[in-house]
$ cat work.cif   # mmCIF, C-alpha atoms
data_protein
loop_
_atom_site.label_atom_id
_atom_site.label_comp_id
_atom_site.auth_asym_id
_atom_site.auth_seq_id
_atom_site.Cartn_x
_atom_site.Cartn_y
_atom_site.Cartn_z
CA MET A 1 122.67 117.00 169.24
CA THR A 2 121.61 113.37 169.08
CA ARG A 3 118.05 114.42 168.38
CA ARG A 4 119.24 116.60 165.47
CA MET A 5 121.21 113.66 164.04
CA GLY A 6 118.12 111.47 164.23
CA THR A 7 116.01 114.12 162.47
CA LEU A 8 118.74 114.61 159.86
CA SER A 9 118.96 110.85 159.27
CA SER A 10 115.18 110.63 158.90
CA LEU A 11 115.20 113.52 156.43
CA LEU A 12 117.98 111.92 154.37
CA ALA A 13 116.15 108.58 154.36
CA LEU A 14 112.98 110.33 153.18
CA LEU A 15 114.84 112.16 150.41
CA PHE A 16 116.53 108.93 149.34
CA GLY A 17 113.15 107.18 149.22
CA VAL A 18 111.64 109.97 147.10
CA ALA A 19 114.60 109.85 144.72
CA LEU A 20 114.29 106.08 144.44
CA VAL A 21 110.56 106.29 143.63
CA CYS A 22 111.17 109.00 141.01
CA THR A 23 113.90 106.93 139.39
CA SER A 24 111.71 103.83 139.23
CA ILE A 25 108.84 105.83 137.70
CA ALA A 26 111.20 107.30 135.10
CA TRP A 27 112.57 103.84 134.26
CA SER A 28 109.12 102.31 133.93
CA THR A 29 108.12 104.95 131.38
CA THR A 30 111.24 104.30 129.31
CA GLY A 31 111.33 100.50 129.70
CA PRO A 32 110.34 97.91 127.07
CA LEU A 33 107.51 98.81 124.71
CA PRO A 34 104.27 96.85 124.81
CA VAL A 35 103.84 94.30 122.00
CA SER A 36 100.85 96.18 120.56
CA GLN A 37 102.92 99.33 120.20
CA VAL A 38 105.74 97.45 118.44
CA GLN A 39 103.19 95.86 116.07
CA GLN A 40 101.78 99.29 115.24
CA MET A 41 105.28 100.61 114.55
CA ASN A 42 106.00 97.65 112.24
CA ALA A 43 102.62 97.72 110.49
CA GLY A 44 103.92 99.89 107.65
CA ASN A 45 107.08 97.85 107.07
CA ASP A 46 105.67 95.77 104.21
CA SER A 47 108.14 97.22 101.73
CA GLN A 48 109.25 95.21 98.73
CA GLN A 49 112.51 93.30 99.04
CA THR A 50 114.50 91.16 96.60
CA TRP A 51 116.14 87.76 97.16
CA THR A 52 118.12 85.47 94.89
CA GLY A 53 118.36 81.72 95.24
CA THR A 54 117.06 78.39 93.99
CA ILE A 55 113.45 77.18 94.05
CA LYS A 56 113.12 73.80 95.83
CA LYS A 57 110.35 71.64 97.28
CA ASP A 58 110.44 71.02 101.02
CA ASP A 59 109.54 67.67 102.65
CA SER A 60 105.83 68.51 102.54
CA GLY A 61 105.93 69.46 98.84
CA LYS A 62 105.70 73.23 99.46
CA LEU A 63 107.85 75.48 97.29
CA ILE A 64 110.65 77.31 99.04
CA LEU A 65 113.43 79.66 98.06
CA VAL A 66 116.88 78.59 99.27
CA THR A 67 119.32 81.51 99.23
CA GLY A 68 123.08 81.27 98.74
CA ASP A 69 123.68 81.51 102.49
CA GLY A 70 121.29 78.61 103.19
CA LYS A 71 118.26 80.59 104.39
CA MET A 72 114.91 79.09 103.41
CA PHE A 73 111.69 80.99 102.75
CA ARG A 74 108.25 79.64 101.88
CA LEU A 75 106.72 81.22 98.79
CA THR A 76 103.13 82.32 98.35
CA PRO A 77 101.44 82.15 95.95
CA GLU A 78 103.27 79.18 94.48
CA ASN A 79 101.83 79.32 90.94
CA GLU A 80 104.64 81.38 89.36
CA ALA A 81 107.37 79.41 91.12
CA SER A 82 106.03 75.95 90.25
CA SER A 83 107.62 75.98 86.78
CA LEU A 84 110.97 77.12 88.18
CA VAL A 85 111.82 74.24 90.56
CA ASP A 86 115.61 73.66 90.73
CA LYS A 87 116.28 76.93 88.87
CA SER A 88 118.10 80.05 90.05
CA VAL A 89 115.70 82.96 90.43
CA LYS A 90 115.32 86.52 91.59
CA VAL A 91 112.23 86.93 93.80
CA THR A 92 110.65 90.27 94.71
CA GLY A 93 108.00 90.49 97.41
CA THR A 94 107.24 91.17 101.05
CA LEU A 95 108.47 89.11 103.99
CA LYS A 96 106.45 88.11 107.05
CA GLY A 97 108.20 85.60 109.26
CA ASP A 98 109.66 83.04 106.87
CA VAL A 99 107.06 83.54 104.11
CA ILE A 100 107.66 85.68 101.04
CA THR A 101 104.51 86.95 99.38
CA VAL A 102 105.75 87.01 95.79
CA SER A 103 105.04 90.00 93.58
CA SER A 104 107.45 88.90 90.83
CA ILE A 105 109.83 86.05 90.11
CA GLU A 106 112.39 85.91 87.31
CA PRO A 107 114.70 83.09 86.21
CA MET A 108 118.38 84.03 86.41
CA ASP A 109 119.71 81.41 83.92
#
$ encode --input "work.cif" --output "structure tokens"
Amino acid sequence: MTRRMGTLSSLLALLFGVALVCTSIAWSTTGPLPVSQVQQMNAGNDSQQTWTGTIKKDDSGKLILVTGDGKMFRLTPENEASSLVDKSVKVTGTLKGDVITVSSIEPMD
């Protein structure tokens, strides 16, 4: 009887170990995505967006858009925005990080 209990315990321990390995394999295949895969998924997300705010110059003289909620975005190219410093504008473009690549900018006044 004791021998059967030992065999049964060994069998249960083996089954538990197999279940644990299977669970860890399943988790590792559904865990966090690699950075390269996330970048590929986001590669096509360069859709046009629109912001409203005021054109200002930052401490280094670069033009930025300051939105009503206080967010600040650098603008590139700056040529269209340079004549609109301290004016309310509507900016359309694509966002990468904190830089808006401007496709159009219109005064709102």
$ atom_distance --input "work.cif" --atom1 "CA of Asn79 (chain A)" --atom2 "CA of Leu95 (chain A)"
17.6 Å
$ atom_distance --input "work.cif" --atom1 "CA of Trp51 (chain A)" --atom2 "CA of Val91 (chain A)"
5.2 Å
$ closest_residue --input "work.cif" --among "A:Ser60, A:Thr101, A:Thr94, A:Thr54" --to "Pro77 (chain A)" --atoms "all atoms listed in the file"
A:Thr101
$ resolve_selection --input "work.cif" --expression "the PyMOL selection byres ((chain A and resi 83) around 12)" --output "MDAnalysis selection string"
chainID A and resid 55:57 63 78:82 84:89 105:107
$ closest_residue --input "work.cif" --among "A:Asp59, A:Gly93, A:Gln49, A:Asp98" --to "Lys71 (chain A)" --atoms "all atoms listed in the file"
A:Asp98
$ build_atoms --input "work.cif" --residues "region 85-104 of chain A" --atoms "N, CA and C atoms" --output "tab-separated table (two decimals), keeping the file's coordinate frame"
chain	number	residue	atom	x	y	z
A	85	VAL	N	111.18	75.10	89.57
A	85	VAL	CA	111.82	74.24	90.56
A	85	VAL	C	113.22	73.87	90.08
A	86	ASP	N	114.19	73.94	90.98
A	86	ASP	CA	115.61	73.66	90.73
A	86	ASP	C	116.28	74.69	89.83
A	87	LYS	N	115.68	75.86	89.68
A	87	LYS	CA	116.28	76.93	88.87
A	87	LYS	C	116.66	78.10	89.77
A	88	SER	N	117.70	78.83	89.35
A	88	SER	CA	118.10	80.05	90.05
A	88	SER	C	117.15	81.16	89.67
A	89	VAL	N	116.70	81.91	90.67
A	89	VAL	CA	115.70	82.96	90.43
A	89	VAL	C	116.01	84.21	91.24
A	90	LYS	N	115.35	85.28	90.82
A	90	LYS	CA	115.32	86.52	91.59
A	90	LYS	C	113.85	86.73	91.97
A	91	VAL	N	113.59	86.81	93.29
A	91	VAL	CA	112.23	86.93	93.80
A	91	VAL	C	112.07	88.31	94.43
A	92	THR	N	110.99	88.99	94.09
A	92	THR	CA	110.65	90.27	94.71
A	92	THR	C	109.32	90.09	95.42
A	93	GLY	N	109.23	90.61	96.65
A	93	GLY	CA	108.00	90.49	97.41
A	93	GLY	C	108.14	91.06	98.80
A	94	THR	N	107.20	90.71	99.66
A	94	THR	CA	107.24	91.17	101.05
A	94	THR	C	107.44	89.97	101.96
A	95	LEU	N	108.13	90.19	103.06
A	95	LEU	CA	108.47	89.11	103.99
A	95	LEU	C	107.71	89.27	105.30
A	96	LYS	N	107.07	88.19	105.72
A	96	LYS	CA	106.45	88.11	107.05
A	96	LYS	C	106.87	86.78	107.64
A	97	GLY	N	107.66	86.83	108.69
A	97	GLY	CA	108.20	85.60	109.26
A	97	GLY	C	109.14	84.96	108.28
A	98	ASP	N	108.82	83.72	107.87
A	98	ASP	CA	109.66	83.04	106.87
A	98	ASP	C	108.92	82.85	105.56
A	99	VAL	N	107.87	83.66	105.33
A	99	VAL	CA	107.06	83.54	104.11
A	99	VAL	C	107.21	84.79	103.26
A	100	ILE	N	107.59	84.58	102.01
A	100	ILE	CA	107.66	85.68	101.04
A	100	ILE	C	106.37	85.67	100.23
A	101	THR	N	105.66	86.79	100.27
A	101	THR	CA	104.51	86.95	99.38
A	101	THR	C	105.08	87.51	98.08
A	102	VAL	N	105.06	86.70	97.05
A	102	VAL	CA	105.75	87.01	95.79
A	102	VAL	C	104.95	88.02	94.97
A	103	SER	N	105.66	89.08	94.53
A	103	SER	CA	105.04	90.00	93.58
A	103	SER	C	105.61	89.77	92.19
A	104	SER	N	106.88	89.30	92.12
A	104	SER	CA	107.45	88.90	90.83
A	104	SER	C	108.57	87.89	91.05
